Amino acid sequence: MTLIEGLTALLLLTGAFFMLMGAVGIVRMPDLFMRMSATTKSATLGVSFMMLAVALHFNDLAIGARALATILFVFLTAPIAAHMIARAGYLRGVSLWQGTISDELQGRYDMETGELESGTPAMAPPQGEPED
Amino acid sequence: MTLHDLALYLVLPLLGIALLLALWRLLRGPRTPDRVVALDLMVTLGLGTIAGYAIATDQAALLDVALVLALISFLGTTAFAYYLQRRPEA
């Protein structure tokens, strides 16, 4: 087994592991946003590892460029897609996990127009008691 | 163990298990955004499967499919997000 083959095998296995962890995350996590946080990042990383393995394995300029273009495209679009679904889910009132301790978006979204208010907090001061 | 065997007997089964797990979430819900996330994950897993299969069979032409699939999945997820946001409560 040459060095390139060993490196390809390592990249393939790492990629498959990350993708499997993403799938475990989508089953095990308790609410939409945690599921998204588990899947989007690890699956994207897994795809990029596997595409790097392909680029190493074929050792050809055209194929390597295609693999790198796929990586670039996935890295560009995955966060945008995840943000759009998360926003749509939040605006539709998807419930958070019961153990959630902080929702910084609460009261910030105009539920009619979907616009996000930013800047200094216009609401009540922090609820929690100061720490002892 | 050659690289082809590794891809065929270890990497592709792992991705198959991952696809089944994502399919479970797709069928179970509980709400529509969860299903959309599961669908998105399944497409990403499909990209990985194509990469593994390309190595297992030495067919580099399969990578074009991966590129087009990535493009279409982004359009699909965006459309789903708009649909979810515009649709009245259900």
# chains A, B, ... in the order shown; residues from 1 in each chain; ligands from 1

$ closest_atom_pairs --of "chain B" --to "chain A" --cutoff "6 Å" --atoms "only C-alpha atoms" --output "JSON lines"
{"residue": "B:Val11", "atom": "CA", "partner": "A:Ala16", "partner_atom": "CA", "distance": 6.0}
{"residue": "B:Ala18", "atom": "CA", "partner": "A:Leu20", "partner_atom": "CA", "distance": 4.9}
{"residue": "B:Leu21", "atom": "CA", "partner": "A:Ala23", "partner_atom": "CA", "distance": 5.8}
{"residue": "B:Ala22", "atom": "CA", "partner": "A:Ala23", "partner_atom": "CA", "distance": 5.7}
{"residue": "B:Pro33", "atom": "CA", "partner": "A:Gly89", "partner_atom": "CA", "distance": 5.9}
{"residue": "B:Asp34", "atom": "CA", "partner": "A:Leu32", "partner_atom": "CA", "distance": 5.9}
{"residue": "B:Gly48", "atom": "CA", "partner": "A:Val47", "partner_atom": "CA", "distance": 5.4}
{"residue": "B:Leu67", "atom": "CA", "partner": "A:Thr70", "partner_atom": "CA", "distance": 5.5}
{"residue": "B:Ala81", "atom": "CA", "partner": "A:Ile85", "partner_atom": "CA", "distance": 5.1}
{"residue": "B:Gln85", "atom": "CA", "partner": "A:Ala88", "partner_atom": "CA", "distance": 5.0}

$ select_by_dssp --residues "segment 5-131 of chain A" --states "helix (DSSP H, G or I)" --output "ChimeraX atom specification"
/A:5-28,32-58,61-91

$ write_last_selection --atoms "C-alpha atoms" --output "mmCIF file, in the first residue's frame"
data_model
loop_
_atom_site.group_PDB
_atom_site.id
_atom_site.type_symbol
_atom_site.label_atom_id
_atom_site.label_comp_id
_atom_site.auth_asym_id
_atom_site.auth_seq_id
_atom_site.Cartn_x
_atom_site.Cartn_y
_atom_site.Cartn_z
ATOM 1 C CA GLU A 5 -3.411 4.926 -0.933
ATOM 2 C CA GLY A 6 -3.038 5.076 2.825
ATOM 3 C CA LEU A 7 -3.873 8.775 2.858
ATOM 4 C CA THR A 8 -6.900 8.174 0.637
ATOM 5 C CA ALA A 9 -8.129 5.397 2.924
ATOM 6 C CA LEU A 10 -7.695 7.627 5.967
ATOM 7 C CA LEU A 11 -9.611 10.485 4.336
ATOM 8 C CA LEU A 12 -12.392 8.150 3.215
ATOM 9 C CA LEU A 13 -12.820 6.645 6.666
ATOM 10 C CA THR A 14 -12.727 10.046 8.373
ATOM 11 C CA GLY A 15 -15.351 11.372 5.984
ATOM 12 C CA ALA A 16 -17.622 8.371 6.448
ATOM 13 C CA PHE A 17 -17.239 8.652 10.232
ATOM 14 C CA PHE A 18 -18.233 12.321 10.270
ATOM 15 C CA MET A 19 -21.243 11.654 8.064
ATOM 16 C CA LEU A 20 -22.350 8.783 10.289
ATOM 17 C CA MET A 21 -22.040 11.065 13.317
ATOM 18 C CA GLY A 22 -24.247 13.617 11.579
ATOM 19 C CA ALA A 23 -26.880 10.949 10.999
ATOM 20 C CA VAL A 24 -26.676 9.827 14.630
ATOM 21 C CA GLY A 25 -27.082 13.477 15.617
ATOM 22 C CA ILE A 26 -30.260 13.938 13.602
ATOM 23 C CA VAL A 27 -31.794 10.930 15.339
ATOM 24 C CA ARG A 28 -30.635 11.631 18.881
ATOM 25 C CA LEU A 32 -34.925 21.091 15.323
ATOM 26 C CA PHE A 33 -32.113 23.547 15.928
ATOM 27 C CA MET A 34 -29.875 21.050 17.703
ATOM 28 C CA ARG A 35 -30.507 18.504 14.968
ATOM 29 C CA MET A 36 -29.517 21.089 12.411
ATOM 30 C CA SER A 37 -26.423 22.034 14.347
ATOM 31 C CA ALA A 38 -25.386 18.373 14.461
ATOM 32 C CA THR A 39 -26.028 17.540 10.819
ATOM 33 C CA THR A 40 -25.027 20.577 8.812
ATOM 34 C CA LYS A 41 -21.509 20.930 10.108
ATOM 35 C CA SER A 42 -20.455 17.314 10.352
ATOM 36 C CA ALA A 43 -22.018 16.233 7.056
ATOM 37 C CA THR A 44 -20.354 19.128 5.243
ATOM 38 C CA LEU A 45 -16.998 18.214 6.741
ATOM 39 C CA GLY A 46 -17.567 14.566 5.835
ATOM 40 C CA VAL A 47 -18.328 15.399 2.202
ATOM 41 C CA SER A 48 -15.223 17.537 1.928
ATOM 42 C CA PHE A 49 -13.033 14.740 3.323
ATOM 43 C CA MET A 50 -14.480 12.229 0.875
ATOM 44 C CA MET A 51 -14.074 14.586 -2.077
ATOM 45 C CA LEU A 52 -10.449 15.160 -1.083
ATOM 46 C CA ALA A 53 -10.029 11.366 -1.060
ATOM 47 C CA VAL A 54 -11.452 11.222 -4.593
ATOM 48 C CA ALA A 55 -9.115 13.972 -5.770
ATOM 49 C CA LEU A 56 -6.127 12.100 -4.291
ATOM 50 C CA HIS A 57 -7.214 8.730 -5.654
ATOM 51 C CA PHE A 58 -7.669 9.722 -9.286
ATOM 52 C CA LEU A 61 -6.291 17.746 -12.848
ATOM 53 C CA ALA A 62 -9.807 17.728 -14.305
ATOM 54 C CA ILE A 63 -11.156 15.371 -11.657
ATOM 55 C CA GLY A 64 -9.394 17.168 -8.828
ATOM 56 C CA ALA A 65 -10.821 20.486 -9.994
ATOM 57 C CA ARG A 66 -14.298 18.952 -10.054
ATOM 58 C CA ALA A 67 -13.898 17.550 -6.547
ATOM 59 C CA LEU A 68 -12.627 20.881 -5.228
ATOM 60 C CA ALA A 69 -15.498 22.697 -6.954
ATOM 61 C CA THR A 70 -17.934 20.381 -5.197
ATOM 62 C CA ILE A 71 -16.293 21.093 -1.844
ATOM 63 C CA LEU A 72 -16.396 24.843 -2.473
ATOM 64 C CA PHE A 73 -20.017 24.697 -3.517
ATOM 65 C CA VAL A 74 -21.094 22.658 -0.509
ATOM 66 C CA PHE A 75 -19.190 24.961 1.834
ATOM 67 C CA LEU A 76 -20.915 27.983 0.281
ATOM 68 C CA THR A 77 -24.452 26.640 0.197
ATOM 69 C CA ALA A 78 -24.805 24.442 3.288
ATOM 70 C CA PRO A 79 -24.760 27.317 5.833
ATOM 71 C CA ILE A 80 -27.183 29.370 3.730
ATOM 72 C CA ALA A 81 -29.628 26.488 3.373
ATOM 73 C CA ALA A 82 -29.394 25.664 7.077
ATOM 74 C CA HIS A 83 -29.972 29.305 8.024
ATOM 75 C CA MET A 84 -33.020 29.525 5.782
ATOM 76 C CA ILE A 85 -34.625 26.394 7.211
ATOM 77 C CA ALA A 86 -33.836 27.455 10.771
ATOM 78 C CA ARG A 87 -35.373 30.883 10.153
ATOM 79 C CA ALA A 88 -38.478 29.390 8.564
ATOM 80 C CA GLY A 89 -38.794 26.946 11.445
ATOM 81 C CA TYR A 90 -38.387 29.689 14.053
ATOM 82 C CA LEU A 91 -40.955 31.903 12.348
#

$ atom_distance --atom1 "atom CA of Pro30 of chain A" --atom2 "atom CA of Tyr83 of chain B"
24.1 Å

$ closest_residue --among "B:Leu23, B:Ile50, B:Ala66, B:Leu12" --to "Ala38 of chain B" --atoms "only C-alpha atoms"
B:Leu23

$ closest_residue --among "B:Ala56, B:Leu8, B:Leu27, B:Leu19" --to "Leu41 of chain B" --atoms "only C-alpha atoms"
B:Leu19

$ closest_residue --among "A:Glu104, A:Asn59, A:Gln98, A:Met29" --to "Leu116 of chain A" --atoms "only C-alpha atoms"
A:Glu104

$ atom_distance --atom1 "atom CA of Arg31 of chain B" --atom2 "atom CA of Leu45 of chain B"
21.5 Å
